[in-house]
>>> print(open('target.cif').read())   # mmCIF, C-alpha atoms
data_target
loop_
_atom_site.label_atom_id
_atom_site.label_comp_id
_atom_site.auth_asym_id
_atom_site.auth_seq_id
_atom_site.Cartn_x
_atom_site.Cartn_y
_atom_site.Cartn_z
CA MET N 1 122.60 154.96 105.84
CA ARG N 2 120.83 152.56 103.51
CA ARG N 3 119.59 149.40 105.17
CA LEU N 4 120.66 146.26 103.47
CA SER N 5 118.21 143.42 103.46
CA PHE N 6 119.58 139.92 103.27
CA LEU N 7 118.15 139.36 99.82
CA ARG N 8 119.69 142.53 98.41
CA SER N 9 123.02 141.60 99.86
CA VAL N 10 122.82 138.23 98.18
CA VAL N 11 121.86 139.87 94.90
CA ALA N 12 124.79 142.23 95.24
CA ILE N 13 127.28 139.53 96.06
CA VAL N 14 126.14 137.36 93.18
CA SER N 15 126.32 140.33 90.85
CA LEU N 16 129.83 140.96 92.08
CA ALA N 17 130.83 137.71 90.53
CA VAL N 18 128.84 138.28 87.37
CA THR N 19 129.11 141.88 86.33
CA SER N 20 130.69 144.65 88.25
CA LEU N 21 134.33 143.81 87.84
CA GLY N 22 135.11 147.50 87.71
CA PHE N 23 134.25 147.94 91.35
CA VAL N 24 136.25 145.24 92.99
CA GLN N 25 139.66 146.68 92.24
CA ALA N 26 139.84 148.53 95.52
CA ALA N 27 139.40 145.20 97.27
CA HIS N 28 143.15 144.82 97.61
CA ALA N 29 143.58 143.56 101.13
CA GLY N 30 143.90 146.29 103.68
CA ILE N 31 144.36 149.26 101.36
CA ILE N 32 142.20 152.33 101.87
CA GLY N 33 141.08 153.79 98.54
CA THR N 34 141.73 157.42 97.62
CA HIS N 35 138.01 158.09 97.40
CA GLN N 36 137.48 156.73 100.87
CA ALA N 37 140.44 158.67 102.27
CA VAL N 38 139.25 161.93 100.75
CA GLN N 39 135.85 161.32 102.30
CA GLY N 40 137.56 161.28 105.68
CA VAL N 41 137.24 157.50 106.03
CA GLU N 42 133.60 157.92 106.88
CA HIS N 43 132.50 154.41 106.15
CA ALA N 44 134.21 151.11 106.22
CA ALA N 45 135.30 150.14 102.74
CA THR N 46 133.30 146.93 102.84
CA VAL N 47 130.06 148.81 103.51
CA GLU N 48 130.83 151.32 100.80
CA LYS N 49 131.65 148.60 98.30
CA LEU N 50 128.43 146.80 99.08
CA GLN N 51 126.37 149.98 98.72
CA THR N 52 128.08 150.72 95.43
CA LEU N 53 127.38 147.23 94.17
CA ILE N 54 123.72 147.50 95.08
CA ALA N 55 123.42 150.92 93.49
CA SER N 56 125.12 149.68 90.34
CA GLU N 57 122.77 146.73 90.18
CA GLU N 58 119.76 148.99 90.65
CA VAL N 59 120.84 151.69 88.20
CA SER N 60 121.63 149.01 85.66
CA ALA N 61 118.10 147.59 86.05
CA GLN N 62 116.61 151.09 85.76
CA LEU N 63 118.55 151.70 82.53
CA VAL N 64 117.34 148.41 81.10
CA ALA N 65 113.76 149.38 82.00
CA LEU N 66 114.33 152.61 80.06
CA GLY N 67 115.32 150.72 76.94
CA VAL N 68 119.10 150.34 77.28
CA ASP N 69 120.59 147.09 76.04
CA PRO N 70 121.30 144.92 79.13
CA ALA N 71 124.90 144.19 78.13
CA TRP N 72 125.55 147.91 77.69
CA ALA N 73 123.76 148.77 80.93
CA ALA N 74 126.26 146.67 82.91
CA GLU N 75 129.15 148.23 81.02
CA ARG N 76 127.79 151.73 81.55
CA VAL N 77 127.35 151.49 85.31
CA ALA N 78 130.84 150.02 85.59
CA SER N 79 132.23 153.36 84.38
CA LEU N 80 130.48 155.45 87.03
CA THR N 81 131.92 156.55 90.36
CA PRO N 82 130.20 155.63 93.65
CA GLU N 83 128.86 159.21 93.94
CA GLU N 84 127.50 159.19 90.43
CA LEU N 85 125.77 155.87 91.02
CA ALA N 86 124.25 157.15 94.24
CA SER N 87 123.06 160.31 92.49
CA LEU N 88 121.41 158.32 89.70
CA ASP N 89 119.84 155.56 91.76
CA GLY N 90 116.08 156.00 91.63
CA GLN N 91 116.44 159.49 90.12
CA LEU N 92 116.94 158.75 86.45
CA GLU N 93 113.72 160.33 85.31
CA GLN N 94 114.16 163.46 87.41
CA LEU N 95 117.68 164.29 86.26
CA PRO N 96 118.67 166.31 83.21
CA ALA N 97 118.97 164.10 80.16
CA GLY N 98 120.29 166.21 77.33
CA GLY N 99 118.39 165.36 74.16
CA SER N 100 117.51 168.07 71.75
CA LEU N 101 115.09 170.65 70.63
CA LEU N 102 113.91 168.68 67.70
CA ALA N 103 111.66 166.11 69.32
CA VAL N 104 109.84 168.41 71.68
CA ILE N 105 109.43 171.25 69.31
CA GLY N 106 105.62 171.00 69.02
CA ILE N 107 103.95 172.03 72.26
CA VAL N 108 107.08 173.37 73.91
CA PHE N 109 107.81 175.65 71.02
CA VAL N 110 104.33 177.15 71.23
CA VAL N 111 104.66 177.65 75.00
CA LEU N 112 108.04 179.29 74.60
CA LEU N 113 106.83 181.43 71.77
CA ILE N 114 103.99 182.74 73.92
CA LEU N 115 106.38 183.41 76.78
CA GLU N 116 108.73 185.08 74.36
CA ILE N 117 106.04 187.31 72.94
CA THR N 118 104.80 188.25 76.39
CA GLY N 119 108.36 189.15 77.32
CA VAL N 120 108.90 186.55 80.07
CA ILE N 121 111.89 185.11 78.24
CA ASP N 122 113.92 186.01 75.18
CA ILE N 123 115.59 182.88 73.96
CA PHE N 124 114.67 183.38 70.32
CA LYS N 125 116.22 186.78 69.99
CA LYS N 126 118.90 187.00 67.37
CA VAL N 127 122.29 187.81 68.78
CA MET Q 253 129.36 189.08 83.08
CA GLN Q 254 131.51 189.82 80.09
CA ILE Q 255 133.72 187.05 78.80
CA ALA Q 256 136.44 189.64 78.38
CA ASP Q 257 136.52 189.96 82.20
CA SER Q 258 138.06 186.55 82.39
CA PRO Q 259 141.78 186.66 83.23
CA ALA Q 260 142.54 183.99 80.64
CA LEU Q 261 141.46 186.45 77.97
CA ALA Q 262 143.80 189.17 79.14
CA GLY Q 263 146.10 189.78 76.23
CA VAL Q 264 143.96 187.72 73.91
CA VAL Q 265 142.93 190.43 71.54
CA ALA Q 266 141.94 188.30 68.63
CA PRO Q 267 138.97 185.98 68.90
CA VAL Q 268 139.82 182.39 69.86
CA GLU Q 269 138.33 179.63 67.77
CA LEU Q 270 139.31 175.98 67.82
CA ASP Q 271 138.77 175.35 64.11
CA ALA Q 272 140.20 171.85 64.18
CA THR Q 273 137.42 170.63 66.51
CA PRO Q 274 135.38 168.06 64.59
CA PHE Q 275 131.70 168.59 63.94
CA PHE Q 276 128.98 165.95 63.92
CA PRO Q 277 125.53 167.24 63.02
CA GLN Q 278 123.08 165.97 65.57
CA GLU Q 279 120.55 163.36 64.59
CA ALA Q 280 117.17 163.26 66.34
CA LEU Q 281 117.74 163.19 70.12
CA GLN Q 282 121.43 162.50 69.94
CA CYS Q 283 123.03 165.72 71.11
CA GLY Q 284 124.79 163.72 73.84
CA PRO Q 285 126.57 161.33 71.46
CA ALA Q 286 127.28 164.17 68.97
CA ALA Q 287 128.78 166.49 71.61
CA LEU Q 288 130.75 163.63 73.15
CA ALA Q 289 132.17 162.59 69.76
CA THR Q 290 133.20 166.23 69.28
CA VAL Q 291 135.28 166.50 72.47
CA LEU Q 292 136.69 162.97 72.14
CA GLY Q 293 137.82 163.73 68.59
CA ALA Q 294 139.39 166.98 69.74
CA ALA Q 295 141.36 165.01 72.37
CA GLY Q 296 142.68 162.71 69.64
CA VAL Q 297 140.44 159.73 70.33
CA PRO Q 298 138.04 159.69 67.39
CA ALA Q 299 134.57 158.24 67.86
CA LEU Q 300 131.39 158.40 65.80
CA PRO Q 301 128.15 159.56 67.40
CA ALA Q 302 126.35 156.46 66.12
CA ASP Q 303 128.85 154.26 67.96
CA LEU Q 304 128.36 156.26 71.15
CA VAL Q 305 124.57 155.96 71.14
CA PRO Q 306 124.44 152.57 72.93
CA GLU Q 307 127.02 153.88 75.43
CA VAL Q 308 125.31 157.07 76.56
CA PHE Q 309 121.82 157.40 75.13
CA THR Q 310 118.83 156.23 77.18
CA PRO Q 311 115.78 155.74 74.97
CA GLY Q 312 113.21 156.03 77.76
CA LEU Q 313 114.63 159.41 78.78
CA GLU Q 314 115.02 160.62 75.20
CA GLY Q 315 118.43 161.88 76.10
CA SER Q 316 121.78 161.25 77.76
CA LEU Q 317 122.57 161.62 81.47
CA GLN Q 318 125.53 163.74 82.55
CA PRO Q 319 127.41 161.05 84.54
CA GLU Q 320 127.14 158.69 81.60
CA LEU Q 321 129.03 161.11 79.37
CA LEU Q 322 131.77 161.21 82.02
CA GLY Q 323 131.68 157.42 82.22
CA ALA Q 324 132.15 157.05 78.47
CA VAL Q 325 135.24 159.26 78.70
CA ARG Q 326 136.68 157.11 81.52
CA ARG Q 327 135.94 153.94 79.56
CA ARG Q 328 138.48 155.19 77.00
CA GLY Q 329 141.10 155.72 79.70
CA LEU Q 330 140.68 159.50 79.46
CA LEU Q 331 140.05 162.01 82.20
CA PRO Q 332 136.81 164.00 82.27
CA TYR Q 333 137.73 167.25 84.05
CA GLU Q 334 134.67 169.18 85.18
CA VAL Q 335 134.71 172.95 84.91
CA SER Q 336 131.33 173.23 86.53
CA GLY Q 337 130.23 176.52 87.90
CA ASP Q 338 133.16 178.52 86.70
CA LEU Q 339 133.07 180.72 83.61
CA LYS Q 340 136.72 181.61 84.08
CA SER Q 341 137.69 177.97 83.99
CA LEU Q 342 135.54 177.40 80.90
CA VAL Q 343 137.19 180.32 79.14
CA ALA Q 344 140.65 179.18 80.24
CA GLN Q 345 140.09 175.74 78.68
CA VAL Q 346 139.09 177.18 75.32
CA VAL Q 347 142.01 179.61 75.33
CA ALA Q 348 144.32 176.68 76.11
CA GLY Q 349 142.92 174.76 73.14
CA SER Q 350 140.38 172.41 74.71
CA PRO Q 351 136.76 172.58 73.59
CA VAL Q 352 134.29 172.29 76.50
CA LEU Q 353 131.22 170.06 76.46
CA ILE Q 354 128.48 171.93 78.30
CA LEU Q 355 124.85 171.37 79.30
CA GLN Q 356 122.30 174.06 78.59
CA ASN Q 357 118.69 174.41 79.58
CA LEU Q 358 117.13 176.06 76.56
CA GLY Q 359 113.70 175.99 78.19
CA LEU Q 360 112.57 177.21 81.56
CA GLU Q 361 113.34 176.17 85.13
CA SER Q 362 109.90 174.59 85.29
CA PHE Q 363 109.90 173.34 81.71
CA PRO Q 364 113.47 172.40 80.94
CA ILE Q 365 114.81 171.54 77.51
CA TRP Q 366 118.19 169.98 78.16
CA HIS Q 367 120.77 170.25 75.45
CA TYR Q 368 124.46 169.41 75.15
CA ALA Q 369 126.74 171.53 73.00
CA VAL Q 370 130.46 172.21 72.73
CA VAL Q 371 132.08 175.61 73.27
CA VAL Q 372 134.75 175.98 70.58
CA GLY Q 373 135.30 179.70 70.39
CA LEU Q 374 135.16 183.06 72.11
CA ASP Q 375 134.97 186.52 70.71
CA PRO Q 376 135.82 188.87 73.58
CA ALA Q 377 135.36 192.05 71.58
CA ALA Q 378 131.84 191.17 70.50
CA ASN Q 379 131.16 189.25 73.73
CA ARG Q 380 130.09 186.17 71.84
CA ILE Q 381 130.53 182.43 72.24
CA ILE Q 382 130.88 179.96 69.37
CA LEU Q 383 129.41 176.50 69.74
CA ARG Q 384 129.11 173.22 67.91
CA SER Q 385 125.43 172.71 68.62
CA GLY Q 386 122.74 170.50 67.12
CA GLY Q 387 122.83 170.90 63.37
CA GLU Q 388 125.09 173.96 63.47
CA ALA Q 389 128.83 173.77 63.08
CA ARG Q 390 129.24 177.39 64.22
CA LEU Q 391 126.40 178.59 66.36
CA ILE Q 392 127.23 182.12 67.47
CA MET Q 393 125.54 183.12 70.69
CA SER Q 394 125.82 186.24 72.81
CA ALA Q 395 127.71 185.57 76.03
CA ARG Q 396 124.69 186.84 77.93
CA LYS Q 397 122.31 184.36 76.34
CA PHE Q 398 124.82 181.54 76.68
CA LEU Q 399 125.31 182.28 80.36
CA ARG Q 400 121.59 182.32 80.99
CA THR Q 401 121.08 178.88 79.43
CA TRP Q 402 124.23 177.52 81.10
CA GLU Q 403 123.17 178.97 84.44
CA ARG Q 404 119.85 177.14 84.21
CA ALA Q 405 121.82 173.90 83.84
CA ASP Q 406 123.89 174.60 86.98
CA ARG Q 407 126.84 175.69 84.81
CA TRP Q 408 127.87 172.11 84.11
CA GLY Q 409 130.63 171.23 81.68
CA PHE Q 410 133.81 169.25 81.20
CA VAL Q 411 136.88 168.87 79.05
CA VAL Q 412 138.58 165.64 77.99
CA VAL Q 413 142.16 165.41 79.27
CA ARG Q 414 144.68 162.76 78.24
CA PRO Q 415 146.23 161.27 81.40
CA GLY Q 416 149.66 162.80 81.78
CA GLU Q 417 148.50 166.15 80.43
CA LEU Q 418 146.89 168.79 82.61
CA PRO Q 419 143.80 170.93 82.20
CA ALA Q 420 144.20 174.71 82.11
CA ALA Q 421 143.50 176.63 85.32
CA ILE Q 422 143.79 173.39 87.28
CA GLU Q 423 142.03 173.21 90.64
CA PRO Q 424 143.45 170.46 92.86
CA ALA Q 425 140.03 169.49 94.26
CA ALA Q 426 138.40 169.17 90.82
CA TYR Q 427 141.46 167.41 89.41
CA SER Q 428 141.55 164.97 92.33
CA ARG Q 429 137.89 164.19 91.86
CA ALA Q 430 138.46 163.45 88.19
CA VAL Q 431 141.43 161.16 88.81
CA ILE Q 432 139.69 159.39 91.70
CA GLY Q 433 136.99 158.64 89.11
CA LEU Q 434 139.55 156.78 87.03
CA GLU Q 435 140.75 154.91 90.11
CA SER Q 436 137.22 153.90 91.09
CA VAL Q 437 136.56 152.38 87.67
CA GLY Q 438 139.84 150.48 87.74
CA ARG Q 439 141.91 152.54 85.27
CA PHE Q 440 145.01 152.47 87.48
CA ALA Q 441 147.71 152.99 84.85
CA GLU Q 442 145.96 156.13 83.61
CA ALA Q 443 145.31 157.28 87.18
CA ALA Q 444 149.02 156.88 88.02
CA ARG Q 445 150.00 158.96 84.98
CA ALA Q 446 147.48 161.64 85.93
CA TRP Q 447 148.69 161.83 89.55
CA GLU Q 448 152.31 162.03 88.41
CA ALA Q 449 151.47 164.87 86.03
CA GLY Q 450 149.70 166.73 88.85
CA LEU Q 451 152.69 166.26 91.17
CA LYS Q 452 155.02 167.75 88.57
CA ILE Q 453 153.35 171.12 88.95
CA THR Q 454 152.28 170.73 92.60
CA PRO Q 455 154.93 168.61 94.31
CA GLY Q 456 153.74 167.44 97.70
CA GLN Q 457 150.01 167.79 96.99
CA PRO Q 458 148.78 165.28 99.61
CA VAL Q 459 145.79 163.84 97.74
CA TYR Q 460 147.87 163.35 94.59
CA LEU Q 461 150.52 161.50 96.63
CA PHE Q 462 147.98 159.32 98.38
CA GLY Q 463 146.27 158.51 95.08
CA LEU Q 464 149.56 157.80 93.33
CA GLY Q 465 150.38 155.28 96.06
CA ASN Q 466 147.03 153.57 95.53
CA ALA Q 467 147.37 153.45 91.75
CA ARG Q 468 150.91 152.04 91.95
CA TYR Q 469 149.89 149.50 94.58
CA ALA Q 470 147.07 148.31 92.34
CA LEU Q 471 149.61 147.97 89.53
CA ASP Q 472 151.82 145.82 91.81
CA ASP Q 473 154.51 148.50 91.97
CA LEU Q 474 155.11 148.07 95.71
CA ALA Q 475 158.29 150.13 95.90
CA GLY Q 476 156.66 152.97 93.97
CA ALA Q 477 153.56 152.83 96.17
CA ARG Q 478 155.75 152.91 99.27
CA ALA Q 479 157.66 155.95 97.99
CA ALA Q 480 154.45 157.91 97.38
CA TRP Q 481 152.98 156.98 100.78
CA GLU Q 482 156.27 157.69 102.61
CA HIS Q 483 156.09 161.19 101.19
CA TYR Q 484 152.42 161.47 102.16
CA VAL Q 485 153.03 160.25 105.73
CA ALA Q 486 155.95 162.65 106.08
CA LEU Q 487 153.50 165.45 105.27
CA ARG Q 488 150.61 164.09 107.34
CA PRO Q 489 152.22 161.95 110.03
CA GLU Q 490 149.02 161.31 111.97
CA ASP Q 491 146.62 160.54 109.12
CA PRO Q 492 145.25 157.00 109.73
CA SER Q 493 144.61 156.22 106.03
CA GLY Q 494 148.16 157.06 105.01
CA LEU Q 495 149.63 155.19 107.97
CA ASN Q 496 147.53 152.14 107.18
CA ASN Q 497 148.42 151.99 103.51
CA LEU Q 498 152.11 152.54 104.13
CA ALA Q 499 152.01 149.85 106.83
CA VAL Q 500 150.50 147.35 104.39
CA ALA Q 501 153.10 148.12 101.72
CA LEU Q 502 155.94 147.89 104.25
CA GLY Q 503 154.69 144.50 105.43
CA GLU Q 504 154.75 143.17 101.90
CA LEU Q 505 158.25 144.57 101.43
CA GLY Q 506 159.54 142.64 104.45
CA CYS Q 507 159.38 145.55 106.88
CA ARG Q 508 157.00 143.97 109.36
CA GLU Q 509 158.26 145.76 112.48
CA ARG Q 510 157.89 149.26 111.16
CA GLY Q 511 154.61 148.31 109.46
CA MET Q 512 153.16 147.16 112.79
CA SER Q 513 154.26 150.31 114.56
CA LEU Q 514 152.62 152.48 111.88
CA ALA Q 515 149.38 150.48 111.96
CA GLU Q 516 149.32 150.79 115.75
CA ARG Q 517 149.83 154.53 115.46
CA ALA Q 518 146.94 154.68 112.95
CA LEU Q 519 144.66 152.92 115.44
CA ASP Q 520 145.76 155.24 118.25
CA ASN Q 521 144.63 158.16 116.14
CA LEU Q 522 141.16 156.83 115.47
CA PRO Q 523 138.12 157.27 117.70
CA GLU Q 524 136.69 154.06 119.16
CA ALA Q 525 133.60 154.07 116.91
CA ASP Q 526 135.33 154.83 113.61
CA PRO Q 527 134.41 152.19 111.01
CA ALA Q 528 137.94 152.35 109.56
CA ARG Q 529 139.15 150.64 112.75
CA THR Q 530 137.98 147.33 111.33
CA GLU Q 531 140.19 147.65 108.29
CA ILE Q 532 143.21 148.97 110.09
CA SER Q 533 142.88 146.25 112.74
CA ARG Q 534 142.82 143.72 109.94
CA SER Q 535 145.98 145.23 108.45
CA LEU Q 536 147.64 144.96 111.86
CA GLN Q 537 146.57 141.32 112.24
CA THR Q 538 147.98 140.50 108.82
CA LEU Q 539 151.28 142.14 109.76
CA ARG Q 540 151.40 140.28 113.09
CA ALA Q 541 150.78 136.98 111.32
CA MET Q 542 153.84 137.47 109.12
CA PRO Q 543 157.01 135.59 110.10
CA PRO Q 544 158.83 137.66 112.72
CA GLY Q 545 162.26 138.97 111.95
CA ARG Q 546 164.21 142.17 112.16
CA ASP Q 547 163.52 144.81 109.56
CA ALA Q 548 166.24 145.33 107.04
CA GLY Q 549 168.09 148.64 106.94
CA ASN Q 550 166.04 149.98 104.07
CA CYS Q 551 162.84 149.85 106.12
CA GLN Q 552 163.28 153.19 107.79
CA ALA Q 553 161.57 156.32 106.57
CA PRO Q 554 163.64 157.94 103.83
CA ARG Q 555 165.49 161.07 104.86
CA PRO Q 556 163.76 164.16 103.55
#
>>> encode(input="target.cif", output="structure tokens")
Amino acid sequence: MRRLSFLRSVVAIVSLAVTSLGFVQAAHAGIIGTHQAVQGVEHAATVEKLQTLIASEEVSAQLVALGVDPAWAAERVASLTPEELASLDGQLEQLPAGGSLLAVIGIVFVVLLILEITGVIDIFKKV
Amino acid sequence: MQIADSPALAGVVAPVELDATPFFPQEALQCGPAALATVLGAAGVPALPADLVPEVFTPGLEGSLQPELLGAVRRRGLLPYEVSGDLKSLVAQVVAGSPVLILQNLGLESFPIWHYAVVVGLDPAANRIILRSGGEARLIMSARKFLRTWERADRWGFVVVRPGELPAAIEPAAYSRAVIGLESVGRFAEAARAWEAGLKITPGQPVYLFGLGNARYALDDLAGARAAWEHYVALRPEDPSGLNNLAVALGELGCRERGMSLAERALDNLPEADPARTEISRSLQTLRAMPPGRDAGNCQAPRP
């Protein structure tokens, strides 16, 4: 389990007030969320909420560092589930980010063409 | 694997093609926004790729991340239903009229080129797949080649479902995950509609019932929440989460006595070290602090 330093907790709690309104819904007193129940009630809801808040804060900062508009970054993380946030946190540059062929066509195209010609792959074959 | 092997295609002699699916030619690195606009439009919620760019595109990554496409769907109160890993499910969606947004790796394992496209058609006889992809409104690809590129992207894909409607070839676990996603981002009205739709075809599905209770509770429909959780607890009488939630709802409905007894039963069923003890104990304290009085007659469990 992630260790929560005091400072990060403070950051998370402040951010609770500022941004992540989407995550506080489950804070209805005493109710166990469906997500938590399906997980077999593994963690206390308060711990999970705190972890989710910290992850959302961190992913939001990582998105901003990658050029996303800060207002949109907050909005974007608010639409992710706790699992999705956990999977993104710290991993953004390792995960698939669908873009296109167009921008990378230079060197990659040459590499693929060589592989194609040597028979390693056959992605250019006409159907 | 042949696409014609898929059971959904049995009896489908003619090729399937969802002609009405919109097409947005991709600009620069924007296959994410273009593919997303395609499936949103097909679900009746039009969006332009340019408007989706700030929502899903990440400049530093030169692309769009998978969860962010799902998030953009949720933000519109729609359900992203993942068909990951399952060609049969993918085929079933297209046959049922829903285009599928998929991820492909057009490069190599070690040198990936990630690309989003939308499956809009199948030609079982020729074993071909038809895609809205990049600049092409009708990219025709052999099923073999499609599967190879999809395989290299862990066979990831999803359809956009309007809450209240159901995806084809529905799998309760995948459906639950999708609806829980709506709950966790606070779209309770849509989540309630989605759970109700699921219960219509699978009455008594425990996760659907539990989730429906949560969505209704969040919408301040206490009686509705109680009804869903009563049903759940009747099916799973010893489950601590269900007992706890029903106990809370009962307390708020003036049924303190029965609420306390359910919360106590929930605690009895939990091991000493279980973190959920804290919450359930708190529920019990809240119930105990309520003004004592006899439960009314309508506090008992409904007869099955």
>>> residues_around(input="target.cif", residues="Gly450 in chain Q", least_positions_apart="6", cutoff="12 Å", atoms="all atoms listed in the file", output="list in words")
Pro415, Gly416, Glu417, Leu418, Pro419, Ala420, Ile422, Glu423, Pro424, Ala425, Ala426, Tyr427, Ser428, Ala430, Val431, Ala443, Ala444, Gly456, Gln457, Pro458, Val459, Tyr460, Leu461, Gly463 and Leu464 of chain Q
>>> closest_atom_pairs(input="target.cif", of="chain Q", to="chain N", cutoff="8 Å", atoms="all atoms listed in the file", output="tab-separated table")
residue	atom	partner	partner_atom	distance
Q:Ala280	CA	N:Leu102	CA	6.5
Q:Leu281	CA	N:Gly99	CA	4.6
Q:Gln282	CA	N:Gly99	CA	5.9
Q:Cys283	CA	N:Gly99	CA	5.6
Q:Gly284	CA	N:Gly98	CA	6.2
Q:Pro306	CA	N:Trp72	CA	6.8
Q:Glu307	CA	N:Arg76	CA	6.5
Q:Val308	CA	N:Arg76	CA	7.7
Q:Phe309	CA	N:Val68	CA	7.9
Q:Thr310	CA	N:Val68	CA	5.9
Q:Pro311	CA	N:Gly67	CA	5.4
Q:Gly312	CA	N:Leu66	CA	4.3
Q:Leu313	CA	N:Ala97	CA	6.5
Q:Glu314	CA	N:Gly99	CA	5.9
Q:Gly315	CA	N:Gly99	CA	4.0
Q:Ser316	CA	N:Ala97	CA	4.7
Q:Leu317	CA	N:Ala97	CA	4.6
Q:Gln318	CA	N:Ala97	CA	7.0
Q:Pro319	CA	N:Glu84	CA	6.2
Q:Glu320	CA	N:Arg76	CA	7.0
Q:Leu322	CA	N:Leu80	CA	7.7
Q:Gly323	CA	N:Ser79	CA	4.6
Q:Ala324	CA	N:Ser79	CA	7.0
Q:Arg326	CA	N:Ser79	CA	6.5
Q:Arg327	CA	N:Ser79	CA	6.1
Q:Leu355	CA	N:Gly98	CA	7.2
Q:Leu358	CA	N:Ile123	CA	7.5
Q:Gly359	CA	N:Leu112	CA	7.5
Q:Ile365	CA	N:Leu101	CA	6.9
Q:Trp366	CA	N:Gly98	CA	4.4
Q:His367	CA	N:Gly98	CA	4.5
Q:Tyr368	CA	N:Gly98	CA	5.7
Q:Gly386	CA	N:Ser100	CA	7.4
Q:Ile392	CA	N:Val127	CA	7.6
Q:Met393	CA	N:Val127	CA	6.0
Q:Ser394	CA	N:Val127	CA	5.6
Q:Lys397	CA	N:Ile123	CA	7.3
Q:Ile432	CA	N:His35	CA	6.1
Q:Gly433	CA	N:Thr81	CA	5.6
Q:Glu435	CA	N:Thr34	CA	8.0
Q:Ser436	CA	N:Thr81	CA	6.0
Q:Val437	CA	N:Gly22	CA	5.1
Q:Gly438	CA	N:Gly22	CA	5.6
Q:Val459	CA	N:Val38	CA	7.4
Q:Phe462	CA	N:Thr34	CA	6.6
Q:Gly463	CA	N:Thr34	CA	5.3
Q:Asn466	CA	N:Gly33	CA	6.7
Q:Ala470	CA	N:His28	CA	7.4
Q:Ser493	CA	N:Ala37	CA	6.1
Q:Asn496	CA	N:Ile31	CA	7.2
Q:Asn497	CA	N:Ile31	CA	5.3
Q:Val500	CA	N:Gly30	CA	6.7
Q:Asp526	CA	N:Glu42	CA	7.6
Q:Pro527	CA	N:Ala44	CA	4.9
Q:Ala528	CA	N:Ala44	CA	5.2
Q:Thr530	CA	N:Ala44	CA	7.4
Q:Glu531	CA	N:Gly30	CA	6.1
Q:Ile532	CA	N:Gly30	CA	7.0
Q:Arg534	CA	N:Gly30	CA	6.9
Q:Ser535	CA	N:Gly30	CA	5.3
>>> atom_distance(input="target.cif", atom1="CA of Pro492 in chain Q", atom2="CA of Leu451 in chain Q")
22.0 Å
>>> atom_distance(input="target.cif", atom1="CA of Gly337 in chain Q", atom2="CA of Leu270 in chain Q")
22.0 Å
>>> residues_around(input="target.cif", residues="Leu288 in chain Q", least_positions_apart="2", cutoff="9 Å", atoms="all atoms listed in the file", output="list in words")
Cys283, Gly284, Pro285, Ala286, Thr290, Val291, Leu292, Gly293, Ala299, Pro301, Leu304, Leu321, Ala324, Val325, Leu353, Tyr368, Ala369 and Val370 of chain Q
>>> atom_distance(input="target.cif", atom1="CA of Pro351 in chain Q", atom2="CA of Val371 in chain Q")
5.6 Å
>>> residues_around(input="target.cif", residues="Ala395 in chain Q", least_positions_apart="3", cutoff="8 Å", atoms="all atoms listed in the file", output="number ranges by chain")
Q: 254-255, 379-381, 398-399
>>> residues_around(input="target.cif", residues="Asn550 in chain Q", least_positions_apart="5", cutoff="10 Å", atoms="only C-alpha atoms", output="ChimeraX atom specification")
/Q:505-507
>>> axis_aligned_box(input="target.cif", around="range 511-526 of chain Q", padding_each_side="4 Å", output="AutoDock Vina command-line options")
--center_x 144.1 --center_y 152.7 --center_z 114.3 --size_x 29.0 --size_y 19.0 --size_z 17.7
>>> closest_residue(input="target.cif", among="Q:Gly296, Q:Gly465, Q:Gly476, Q:Pro277", to="Arg390 in chain Q", atoms="all atoms listed in the file")
Q:Pro277
>>> closest_residue(input="target.cif", among="Q:Ser513, Q:Thr538, Q:Gln552, Q:Thr273", to="Ile382 in chain Q", atoms="all atoms listed in the file")
Q:Thr273
>>> closest_residue(input="target.cif", among="Q:Ile453, Q:Ala287, Q:Cys551, Q:Val268", to="Ala421 in chain Q", atoms="only C-alpha atoms")
Q:Ile453
>>> residues_around(input="target.cif", residues="range 338-345 of chain Q", least_positions_apart="2", cutoff="8 Å", atoms="only C-alpha atoms", output="ChimeraX atom specification")
/Q:255,258-261,335-336,347-352,374,407,409,411,419-421
>>> closest_residue(input="target.cif", among="Q:Ile354, Q:Ala302, Q:Leu502, Q:Ala525", to="Val412 in chain Q", atoms="only C-alpha atoms")
Q:Ile354
